[in-house]
file my_file_35.cif (mmCIF, C-alpha atoms)
data_protein
loop_
_atom_site.label_atom_id
_atom_site.label_comp_id
_atom_site.auth_asym_id
_atom_site.auth_seq_id
_atom_site.Cartn_x
_atom_site.Cartn_y
_atom_site.Cartn_z
CA MET K 15 -56.49 -67.21 -84.01
CA LEU K 16 -59.80 -67.23 -82.17
CA THR K 17 -61.32 -70.36 -80.69
CA THR K 18 -64.28 -71.16 -78.48
CA LEU K 19 -63.04 -73.05 -75.44
CA GLN K 20 -65.17 -76.11 -74.84
CA THR K 21 -65.12 -76.01 -71.06
CA ALA K 22 -66.95 -74.48 -68.15
CA TYR K 23 -65.71 -71.02 -67.23
CA SER K 24 -63.24 -71.44 -64.35
CA ASP K 25 -60.71 -69.22 -62.55
CA THR K 26 -63.65 -66.85 -62.32
CA ARG K 27 -62.08 -64.16 -60.16
CA ALA K 28 -59.17 -61.95 -61.08
CA ALA K 29 -58.06 -61.98 -57.45
CA ASP K 30 -57.50 -65.76 -57.59
CA LEU K 31 -54.80 -65.62 -60.28
CA ALA K 32 -51.21 -66.35 -59.28
CA TRP K 33 -47.93 -66.16 -61.21
CA ALA K 34 -45.29 -68.89 -61.46
CA LEU K 35 -42.03 -69.24 -63.34
CA GLY K 36 -40.56 -72.61 -64.34
CA ARG K 37 -43.62 -74.87 -64.10
CA GLU K 38 -43.99 -77.96 -66.25
CA PRO K 39 -46.52 -77.74 -69.11
CA LEU K 40 -50.10 -77.92 -67.86
CA PRO K 41 -53.04 -79.38 -69.82
CA ALA K 42 -54.08 -76.78 -72.40
CA LEU K 43 -57.44 -76.09 -74.05
CA ALA K 44 -55.81 -74.35 -77.03
CA VAL K 45 -52.21 -74.04 -78.21
CA LEU K 46 -50.41 -71.88 -80.77
CA ASP K 47 -46.84 -72.88 -81.73
CA LEU K 48 -44.69 -70.06 -83.09
CA GLU K 49 -41.19 -69.73 -84.51
CA LEU K 50 -39.90 -66.18 -84.00
CA ASP K 51 -36.42 -65.75 -85.52
CA GLY K 52 -34.99 -68.87 -83.88
CA ALA K 53 -37.08 -68.72 -80.72
CA ARG K 54 -39.69 -71.43 -80.29
CA LEU K 55 -42.68 -70.14 -78.42
CA GLN K 56 -45.82 -71.96 -77.38
CA LEU K 57 -48.85 -69.93 -76.29
CA ARG K 58 -51.19 -72.07 -74.19
CA LEU K 59 -54.71 -71.25 -72.99
CA LEU K 60 -55.59 -72.97 -69.71
CA GLY K 61 -59.20 -71.95 -69.26
CA ALA K 62 -59.16 -68.37 -67.98
CA SER K 63 -55.42 -68.75 -67.48
CA HIS K 64 -52.32 -68.90 -69.62
CA GLN K 65 -48.94 -70.55 -69.93
CA VAL K 66 -46.10 -69.53 -72.25
CA LEU K 67 -43.22 -71.88 -73.04
CA LEU K 68 -40.13 -70.34 -74.63
CA GLU K 69 -37.15 -72.26 -75.94
CA GLU K 70 -34.09 -70.78 -77.59
CA ASP K 71 -30.37 -71.46 -77.73
CA GLY K 72 -29.95 -69.45 -74.51
CA GLY K 73 -32.28 -71.72 -72.54
CA THR K 74 -35.93 -72.20 -71.67
CA CYS K 75 -38.59 -70.24 -69.85
CA SER K 76 -42.05 -71.23 -68.65
CA GLU K 77 -44.49 -68.59 -67.38
CA THR K 78 -47.84 -69.54 -65.88
CA VAL K 79 -50.64 -67.22 -64.75
CA ALA K 80 -53.46 -69.30 -63.32
CA CYS K 81 -55.23 -70.45 -60.18
CA ILE K 82 -52.33 -72.65 -59.10
CA PRO K 83 -52.61 -74.95 -56.07
CA GLY K 84 -49.92 -74.01 -53.57
CA SER K 85 -49.33 -70.55 -55.07
CA SER K 86 -50.46 -67.42 -53.36
CA PRO K 87 -52.52 -64.84 -55.24
CA PRO K 88 -52.68 -62.02 -56.08
CA LEU K 89 -50.47 -61.53 -59.11
CA PRO K 90 -47.34 -59.52 -58.47
CA LEU K 91 -47.33 -56.04 -60.00
CA GLY K 92 -43.85 -56.69 -61.34
CA VAL K 93 -41.08 -59.28 -61.36
CA ALA K 94 -37.52 -59.10 -62.67
CA GLU K 95 -35.45 -62.30 -62.69
CA ARG K 96 -32.25 -63.50 -64.22
CA LEU K 97 -32.61 -66.82 -66.04
CA GLY K 98 -29.11 -67.87 -67.07
CA ASP K 99 -28.09 -65.42 -69.79
CA TRP K 100 -31.61 -63.99 -70.01
CA GLU K 101 -33.38 -61.18 -68.27
CA TYR K 102 -37.04 -61.85 -67.55
CA GLU K 103 -39.49 -59.07 -66.74
CA PHE K 104 -43.17 -59.49 -65.92
CA ALA K 105 -45.77 -56.84 -65.11
CA ALA K 106 -49.48 -57.15 -64.33
CA ARG K 107 -52.34 -54.79 -63.67
CA VAL K 108 -56.07 -55.13 -63.14
CA GLU K 109 -58.41 -52.75 -64.96
CA THR K 110 -61.89 -52.28 -63.49
CA LEU K 111 -64.34 -51.05 -66.12
CA SER K 112 -68.02 -50.18 -66.41
CA ALA K 113 -70.19 -52.69 -68.31
CA GLY K 114 -70.20 -50.56 -71.48
CA SER K 115 -66.49 -49.86 -71.34
CA PHE K 116 -65.75 -53.51 -70.65
CA ALA K 117 -67.71 -54.67 -73.73
CA GLY K 118 -65.91 -52.16 -75.95
CA ARG K 119 -62.48 -53.04 -74.60
CA ALA K 120 -63.21 -56.77 -74.99
CA GLN K 121 -64.18 -56.30 -78.66
CA GLU K 122 -61.07 -54.21 -79.30
CA ILE K 123 -58.71 -56.80 -77.78
CA LEU K 124 -60.35 -59.76 -79.50
CA ALA K 125 -60.18 -57.98 -82.88
CA LEU K 126 -56.48 -57.17 -82.35
CA VAL K 127 -55.52 -60.70 -81.32
CA THR K 128 -57.74 -62.59 -83.76
CA ASP K 129 -56.26 -60.82 -86.80
CA HIS K 130 -52.63 -61.11 -85.64
CA PRO K 131 -50.50 -64.04 -86.91
CA HIS K 132 -48.93 -64.40 -83.43
CA GLY K 133 -52.18 -64.11 -81.49
CA LEU K 134 -54.33 -66.67 -79.70
CA ALA K 135 -57.67 -65.97 -78.04
CA GLY K 136 -60.27 -68.24 -76.50
CA THR K 137 -63.81 -67.27 -75.59
CA PHE K 138 -66.04 -69.18 -73.21
CA PRO K 139 -69.57 -70.43 -73.91
CA GLY K 140 -72.23 -68.24 -72.36
CA SER K 141 -70.48 -64.86 -72.47
CA PRO K 142 -68.89 -63.23 -75.51
CA HIS K 143 -66.80 -61.09 -73.19
CA ALA K 144 -65.35 -63.95 -71.10
CA PHE K 145 -62.03 -64.65 -72.77
CA THR K 146 -58.30 -65.12 -72.45
CA ALA K 147 -56.09 -63.65 -75.18
CA MET K 148 -52.36 -63.72 -75.89
CA LEU K 149 -50.16 -61.90 -78.38
CA ALA K 150 -46.42 -62.49 -78.97
CA GLN K 151 -43.67 -60.73 -80.91
CA ARG K 152 -39.93 -60.61 -81.26
CA SER K 153 -38.03 -57.36 -81.63
CA GLU K 154 -34.48 -56.23 -80.99
CA GLY K 155 -33.45 -59.74 -79.93
CA GLN K 156 -36.14 -60.00 -77.26
CA VAL K 157 -39.32 -62.05 -77.10
CA ARG K 158 -42.32 -60.24 -75.70
CA TRP K 159 -45.89 -61.24 -75.00
CA ARG K 160 -49.01 -59.63 -73.65
CA THR K 161 -52.04 -61.36 -72.20
CA TRP K 162 -55.57 -60.36 -71.28
CA HIS K 163 -57.82 -62.32 -68.90
CA ALA K 164 -61.42 -61.07 -68.91
CA TYR K 165 -63.80 -61.36 -65.96
CA PRO K 166 -67.04 -59.72 -67.20
CA GLN K 167 -69.04 -60.60 -64.07
CA GLU K 168 -66.61 -58.40 -62.07
CA GLY K 169 -65.95 -55.87 -64.83
CA GLN K 170 -62.25 -56.68 -64.48
CA LEU K 171 -59.55 -57.23 -67.07
CA VAL K 172 -56.17 -58.61 -66.00
CA VAL K 173 -53.45 -57.39 -68.33
CA THR K 174 -49.91 -58.80 -68.28
CA ARG K 175 -46.76 -57.90 -70.16
CA THR K 176 -43.59 -60.01 -70.34
CA ARG K 177 -40.15 -59.48 -71.85
CA VAL K 178 -37.41 -62.10 -72.12
CA GLY K 179 -34.05 -61.35 -73.69
CA VAL K 180 -30.32 -61.74 -73.48
CA ARG K 181 -28.73 -59.60 -70.82
CA MET K 182 -27.20 -56.61 -72.53
CA PRO K 183 -23.66 -55.69 -71.44
CA VAL K 184 -23.23 -52.24 -69.96
CA VAL K 185 -20.85 -50.15 -72.04
CA ALA K 186 -18.90 -47.52 -70.14
CA PRO K 187 -18.72 -44.10 -71.86
#

call {"tool": "encode", "arguments": {"input": "my_file_35.cif", "output": "structure tokens"}}
result
Amino acid sequence: MLTTLQTAYSDTRAADLAWALGREPLPALAVLDLELDGARLQLRLLGASHQVLLEEDGGTCSETVACIPGSSPPLPLGVAERLGDWEYEFAARVETLSAGSFAGRAQEILALVTDHPHGLAGTFPGSPHAFTAMLAQRSEGQVRWRTWHAYPQEGQLVVTRTRVGVRMPVVAP
């Protein structure tokens, strides 16, 4: 699903983004509710930021990547946490691209997410390449999502990847 976000472009620097786990739902500009094999997932666009709310029999999880008052940027490169019976893994990277490469990559991501039944993307008025996009899936008992936060004025794309699943027992040989 692709939507035009009716707001001024904010969170305008990749370096200002911070990560938080366990925050309450924040006001969203666009929301996609999904049911993935018993897991209830809500993808939320918060301007140039995102929030994912996951609820399943094993518990709940809330991930926020945004300019959050009281949080310290930059995004961590990786996080691994235990949430009850779940394992949570988060990874982030910043891609710096030339103007031409940025435009091509933006079109590729928006096409992928727009056509996917578990995808949500929002573009901002004034720049076709200013967007936030999210894509979710469930496989092998785990819920996964990817996000892209585009900052065309800097030529930067923040890419995140998250995995949440039940802790698998270690089987001795």

call {"tool": "resolve_selection", "arguments": {"input": "my_file_35.cif", "expression": "the PyMOL selection byres ((chain K and resi 135-147) around 7)", "output": "list in words"}}
result
Met15, Leu16, Thr17, Thr18, Leu19, Tyr23, Ala62, Ser63, Ala117, Ala120, Leu124, Val127, Thr128, Gly133, Leu134, Met148, Leu149, Thr161, Trp162, His163, Ala164, Tyr165 and Pro166 of chain K

call {"tool": "closest_residue", "arguments": {"input": "my_file_35.cif", "among": "K:Arg160, K:Ser112, K:Gly98, K:Leu89", "to": "Leu126 (chain K)", "atoms": "all atoms listed in the file"}}
result
K:Arg160

call {"tool": "resolve_selection", "arguments": {"input": "my_file_35.cif", "expression": "the PyMOL selection byres ((chain K and resi 85) around 8)", "output": "PyMOL selection string"}}
result
chain K and resi 32-34+81-84+86-87

call {"tool": "resolve_selection", "arguments": {"input": "my_file_35.cif", "expression": "the PyMOL selection byres ((chain K and resi 54) around 6)", "output": "ChimeraX atom specification"}}
result
/K:48-49,53,55,68-69

call {"tool": "closest_residue", "arguments": {"input": "my_file_35.cif", "among": "K:Leu91, K:Val172, K:Ile123, K:Ala113", "to": "His64 (chain K)", "atoms": "all atoms listed in the file"}}
result
K:Val172

call {"tool": "closest_residue", "arguments": {"input": "my_file_35.cif", "among": "K:Ala94, K:Leu67, K:Val157, K:Val173", "to": "Arg119 (chain K)", "atoms": "only C-alpha atoms"}}
result
K:Val173

call {"tool": "atom_distance", "arguments": {"input": "my_file_35.cif", "atom1": "CA of Gly92 (chain K)", "atom2": "CA of Gln156 (chain K)"}}
result
18.0 Å

call {"tool": "residues_around", "arguments": {"input": "my_file_35.cif", "residues": "Arg158 (chain K)", "least_positions_apart": "3", "cutoff": "10 Å", "atoms": "only C-alpha atoms", "output": "PyMOL selection string"}}
result
chain K and resi 102-104+149-153+155+175-179

call {"tool": "residues_around", "arguments": {"input": "my_file_35.cif", "residues": "Leu43 (chain K)", "least_positions_apart": "5", "cutoff": "7 Å", "atoms": "all atoms listed in the file", "output": "ChimeraX atom specification"}}
result
/K:19,59-61

call {"tool": "atom_distance", "arguments": {"input": "my_file_35.cif", "atom1": "CA of Glu101 (chain K)", "atom2": "CA of Pro131 (chain K)"}}
result
25.5 Å

call {"tool": "atom_distance", "arguments": {"input": "my_file_35.cif", "atom1": "CA of Leu97 (chain K)", "atom2": "CA of Gly36 (chain K)"}}
result
10.0 Å

call {"tool": "axis_aligned_box", "arguments": {"input": "my_file_35.cif", "around": "region 110-128 of chain K", "padding_each_side": "5 Å", "output": "AutoDock Vina command-line options"}}
result
--center_x -62.9 --center_y -56.2 --center_z -73.6 --size_x 24.7 --size_y 22.7 --size_z 30.3

call {"tool": "closest_residue", "arguments": {"input": "my_file_35.cif", "among": "K:Asp129, K:Glu154, K:Asp30, K:Glu168", "to": "Val79 (chain K)", "atoms": "only C-alpha atoms"}}
result
K:Asp30

call {"tool": "build_atoms", "arguments": {"input": "my_file_35.cif", "residues": "region 93-117 of chain K", "atoms": "N, CA and C atoms", "output": "mmCIF file, keeping the file's coordinate frame"}}
result
data_model
loop_
_atom_site.group_PDB
_atom_site.id
_atom_site.type_symbol
_atom_site.label_atom_id
_atom_site.label_comp_id
_atom_site.auth_asym_id
_atom_site.auth_seq_id
_atom_site.Cartn_x
_atom_site.Cartn_y
_atom_site.Cartn_z
ATOM 1 N N VAL K 93 -42.123 -58.328 -61.714
ATOM 2 C CA VAL K 93 -41.080 -59.280 -61.360
ATOM 3 C C VAL K 93 -39.929 -59.082 -62.334
ATOM 4 N N ALA K 94 -38.718 -59.105 -61.821
ATOM 5 C CA ALA K 94 -37.520 -59.100 -62.670
ATOM 6 C C ALA K 94 -36.619 -60.218 -62.160
ATOM 7 N N GLU K 95 -36.272 -61.133 -63.056
ATOM 8 C CA GLU K 95 -35.450 -62.300 -62.690
ATOM 9 C C GLU K 95 -34.345 -62.456 -63.714
ATOM 10 N N ARG K 96 -33.286 -63.098 -63.287
ATOM 11 C CA ARG K 96 -32.250 -63.500 -64.220
ATOM 12 C C ARG K 96 -32.381 -65.000 -64.421
ATOM 13 N N LEU K 97 -32.492 -65.410 -65.683
ATOM 14 C CA LEU K 97 -32.610 -66.820 -66.040
ATOM 15 C C LEU K 97 -31.409 -67.172 -66.913
ATOM 16 N N GLY K 98 -30.326 -67.598 -66.302
ATOM 17 C CA GLY K 98 -29.110 -67.870 -67.070
ATOM 18 C C GLY K 98 -28.612 -66.599 -67.714
ATOM 19 N N ASP K 99 -28.526 -66.607 -69.049
ATOM 20 C CA ASP K 99 -28.090 -65.420 -69.790
ATOM 21 C C ASP K 99 -29.230 -64.463 -70.098
ATOM 22 N N TRP K 100 -30.436 -64.809 -69.698
ATOM 23 C CA TRP K 100 -31.610 -63.990 -70.010
ATOM 24 C C TRP K 100 -32.007 -63.102 -68.850
ATOM 25 N N GLU K 101 -32.649 -62.005 -69.227
ATOM 26 C CA GLU K 101 -33.380 -61.180 -68.270
ATOM 27 C C GLU K 101 -34.855 -61.419 -68.529
ATOM 28 N N TYR K 102 -35.602 -61.618 -67.472
ATOM 29 C CA TYR K 102 -37.040 -61.850 -67.550
ATOM 30 C C TYR K 102 -37.731 -60.743 -66.780
ATOM 31 N N GLU K 103 -38.705 -60.105 -67.413
ATOM 32 C CA GLU K 103 -39.490 -59.070 -66.740
ATOM 33 C C GLU K 103 -40.960 -59.335 -66.967
ATOM 34 N N PHE K 104 -41.732 -59.258 -65.887
ATOM 35 C CA PHE K 104 -43.170 -59.490 -65.920
ATOM 36 C C PHE K 104 -43.860 -58.341 -65.199
ATOM 37 N N ALA K 105 -44.964 -57.874 -65.769
ATOM 38 C CA ALA K 105 -45.770 -56.840 -65.110
ATOM 39 C C ALA K 105 -47.238 -57.195 -65.285
ATOM 40 N N ALA K 106 -48.035 -56.880 -64.273
ATOM 41 C CA ALA K 106 -49.480 -57.150 -64.330
ATOM 42 C C ALA K 106 -50.243 -55.984 -63.730
ATOM 43 N N ARG K 107 -51.443 -55.794 -64.258
ATOM 44 C CA ARG K 107 -52.340 -54.790 -63.670
ATOM 45 C C ARG K 107 -53.771 -55.280 -63.868
ATOM 46 N N VAL K 108 -54.656 -54.798 -63.033
ATOM 47 C CA VAL K 108 -56.070 -55.130 -63.140
ATOM 48 C C VAL K 108 -56.817 -53.843 -63.461
ATOM 49 N N GLU K 109 -57.569 -53.876 -64.575
ATOM 50 C CA GLU K 109 -58.410 -52.750 -64.960
ATOM 51 C C GLU K 109 -59.835 -53.064 -64.535
ATOM 52 N N THR K 110 -60.482 -52.127 -63.852
ATOM 53 C CA THR K 110 -61.890 -52.280 -63.490
ATOM 54 C C THR K 110 -62.676 -51.302 -64.353
ATOM 55 N N LEU K 111 -63.631 -51.838 -65.123
ATOM 56 C CA LEU K 111 -64.340 -51.050 -66.120
ATOM 57 C C LEU K 111 -65.848 -51.141 -65.920
ATOM 58 N N SER K 112 -66.557 -50.115 -66.399
ATOM 59 C CA SER K 112 -68.020 -50.180 -66.410
ATOM 60 C C SER K 112 -68.448 -51.217 -67.437
ATOM 61 N N ALA K 113 -69.709 -51.658 -67.387
ATOM 62 C CA ALA K 113 -70.190 -52.690 -68.310
ATOM 63 C C ALA K 113 -70.004 -52.278 -69.765
ATOM 64 N N GLY K 114 -70.354 -51.039 -70.103
ATOM 65 C CA GLY K 114 -70.200 -50.560 -71.480
ATOM 66 C C GLY K 114 -68.750 -50.475 -71.898
ATOM 67 N N SER K 115 -67.919 -49.959 -71.027
ATOM 68 C CA SER K 115 -66.490 -49.860 -71.340
ATOM 69 C C SER K 115 -65.860 -51.234 -71.458
ATOM 70 N N PHE K 116 -66.295 -52.155 -70.615
ATOM 71 C CA PHE K 116 -65.750 -53.510 -70.650
ATOM 72 C C PHE K 116 -66.060 -54.172 -71.997
ATOM 73 N N ALA K 117 -67.314 -54.065 -72.451
ATOM 74 C CA ALA K 117 -67.710 -54.670 -73.730
ATOM 75 C C ALA K 117 -66.889 -54.099 -74.874
#
